[in-house]
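Asks: Sharing a structure below in structure tokens format, with a few things to ask.
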There are 2 protein chains.
Amino acid sequence: MRNVSADTLTQSFLDYMSDDTDERLRFVLTKLATHLHDFVRETDLTHDEWRKGLALLYEAGQISTPERNEFVLFSDVFGLSSLVDMVNSSEEATPSSVLGPFHVRGAPDVPVGGDLKKDNEGAAVVFGGVVKSTDGTPIEGAVLEIWQTAENGLYSGQDEAQPDYNFYACMATKADGRYLFSTVRPAPYTVPDDGPVGEMLHATGRDPWRPSHLHFIITANGHRTLVTEIFPSDDPYLDRDAVFGVREKLIIEYQESSDISALPDDLVIKPTIEAPFFTVGFDFTLSPK
Amino acid sequence: MRNVSADTLTQSFLDYMSDDTDERLRFVLTKLATHLHDFVRETDLTHDEWRKGLALLYEAGQISTPERNEFVLFSDVFGLSSLVDMVNSSEEATPSSVLGPFHVRGAPDVPVGGDLKKDNEGAAVVFGGVVKSTDGTPIEGAVLEIWQTAENGLYSGQDEAQPDYNFYACMATKADGRYLFSTVRPAPYTVPDDGPVGEMLHATGRDPWRPSHLHFIITANGHRTLVTEIFPSDDPYLDRDAVFGVREKLIIEYQESSDISALPDDLVIKPTIEAPFFTVGFDFTLSPK
């Protein structure tokens, strides 16, 4: 189009795509262009603001590495990562929540009842429940990848003082769908705020804090993989998670207890656990494919 | 907010900004978040598509340097750069058009009537007109920065065979507001299509070509700076400029002529010009501040 104007630009963008463009790609790009164009039109974006936005993206590119991806962080703090989780969640299943950047492959296998606390500081937490399908059937052989921070708010990959794979585990459920492990409470921490994302957070008076949480990826034959997080109900940052990961259904109370005899017999640390400790019960529900 | 959902996420994003956030920043971020959230909701964006989009941004960061900014190029091929030009243009002034990545500071001063063609290949083009204000008054001392490709479609910074600042000039108008110079026709060229932007262009069957053009930045006391481009009316790519820079008012006919005597006397190459040559007349209109 020769005489593109603010009114006709979006149509030109669509017209420029060839007829044999993949239908879904055309749909997604059309929606993206439409919203970006509307954004510019509705804000009468200035050249200075446009330059500032592009400068932030350029800086995000310069600061990003395979270990620190500032674009994922932008997506997180804009709520886009959470929104993608939400639109792909089913009502009947456990809600999904952000994967985050600290997942690593190759975590050690730990049997049901196993221990993640080891010699780490902190009161013991006994965490367990059932992995089931949306019809209530327990799922045998569901694999839980579990990871969390130590009491200092750091993942083992961020902390030289922790052994490799500290607080990282893989656990397969047995016929009853049960999982069970002992650990400590994870701690709140801040997302990296020394780059362009931090600049945006500081300029808008936003908090870089995330409430404490355990991460889970749960895979099971015939079911959609669940990526989620579980939050303690008394965390001070539940109402202002920097990455919008909290859902009511993912908040759970840590029950303080001294009744060692009530603990399951297959809990490996039962003979040596010191009271008081905490117990947490949470059942995961997966959607069939 | 503890129970952020797809319906409440946008409101949470707004609520998270502190009350003393700069009003304009809050407005722009609110619009941006609203449109990005709507984009995800309206497309039911999948995790794979989200990952693909983030991977393209990450690659754009890796390929970008101070000399090649893939984010600016994304903005260009999405029409965002042009749209920012459009919403900041006034109806009475000459339309603005994309700056592009080939502007460099420090171009040599050339007096009115001066020559940019020098020993370069190509038929001579005599390009001139008046710089005036929206009320028609000629502007004295307006400074035109002019740059263009050689006949091979390359800017001097891209081409070892060209001297530094070949086809780059700065020219100040005299009391009559006139500018005038001799040059050659610029040539069409492609935007860089070996990175993530190229991946998008190829996937949608789009053309990486830009129609040939001369670039101008015109600054004058008391007026808004004009960044624009002038296109020849017979260019084959006018209807499919990869960066949406063409406006009807910026298209001008190159008139072929052999009448040397009709050329202005202050044209430096008038005594040595070879016929036939081309003449181009274009008046620039600037908005008062």
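Ordered as shown in the structure tokens, chains take letters A, B, and onward, while each chain numbers its residues from 1 and ligands are numbered from 1 in the order shown.
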Excluding Pro264 (chain A) and residues on its chain fewer than 4 positions from it, collect all residues at most 12 Å away from it, counting only C-alpha atoms, and give them as a list of chain:residue names.
Replies: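 Answer for this query is A:Val112, A:Gly113, A:Gly114, A:Val126, A:Phe127, A:Gly128, A:Gly129, A:Arg178, A:Tyr179, A:Leu180, A:Phe181, A:Ser182, A:Asp259, A:Ile260, A:Val268, A:Ile269, A:Lys270, A:Pro271, A:Thr279.
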Asks: Excluding Leu83 (chain A) and residues on its chain fewer than 3 positions from it, collect all residues at most 12 Å away from it, counting only C-alpha atoms, and give them as a ChimeraX atom specification.
Replies: /A:75-80,86-89,95-98,243-247 /B:4-10,12-13,33-34,36-47,50
Asks: Identify all residues of region 128-225 of chain B in alpha helix (DSSP H) (DSSP on the backbone) and supply them as a list in words.
Replies: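 For region 128-225 of chain B, the alpha helix (DSSP H) set is Pro196, Val197, Gly198, Glu199, Met200, Leu201, His202 and Ala203 of chain B.
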Asks: With N, CA and C atoms kept, could you save the residues just selected as a compact mmCIF listing (two decimals), in the first residue's frame?
Replies:
# COMPACT_ATOMS: atom_id res chain seq x y z
N PRO B 196 16.07 -13.07 13.44
CA PRO B 196 14.67 -13.37 13.79
C PRO B 196 13.64 -12.57 12.99
N VAL B 197 13.96 -11.31 12.64
CA VAL B 197 13.02 -10.55 11.81
C VAL B 197 12.86 -11.23 10.46
N GLY B 198 13.98 -11.66 9.88
CA GLY B 198 13.92 -12.37 8.60
C GLY B 198 13.10 -13.64 8.72
N GLU B 199 13.24 -14.33 9.85
CA GLU B 199 12.46 -15.56 10.07
C GLU B 199 10.96 -15.25 9.98
N MET B 200 10.56 -14.14 10.60
CA MET B 200 9.14 -13.76 10.55
C MET B 200 8.73 -13.37 9.13
N LEU B 201 9.57 -12.59 8.46
CA LEU B 201 9.24 -12.18 7.09
C LEU B 201 9.09 -13.40 6.18
N HIS B 202 10.03 -14.34 6.28
CA HIS B 202 9.98 -15.52 5.41
C HIS B 202 8.75 -16.37 5.73
N ALA B 203 8.45 -16.53 7.03
CA ALA B 203 7.32 -17.39 7.43
C ALA B 203 5.98 -16.81 6.96
Asks: Would you kindly return, as a list in words, each protein, DNA or RNA residue with an atom no farther than 9 Å from any atom of region 58-71 of chain A, considering only C-alpha atoms and excluding same-chain residues fewer than 4 positions away?
Replies: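 The filter keeps Gly53, Leu54, Ser75, Asp76, Pro101, Phe102, Pro192, Gly195, Pro196 and Val197 of chain A; Leu54, Ala55, Leu57, Tyr58, Glu59, Ala60, Gly61, Gln62, Ile63, Ser64, Thr65, Asn69, Glu70 and Phe71 of chain B.
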Asks: Could you please determine the separation between CA of Leu267 (chain A) and CA of Ile217 (chain A) in Å, to one decimal place?
Replies: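 Between CA of Leu267 (chain A) and CA of Ile217 (chain A) the gap is 21.7 Å.
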Asks: Can you pull out the residues contacting Glu92 (chain A)? Cut-off 8 Å, using only C-alpha atoms, and skip same-chain residues under 5 positions away; I want them as a list of chain:residue names.
Replies: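 Once the adjacent positions are removed, what remains is A:Thr134, A:Thr285, A:Ser287.
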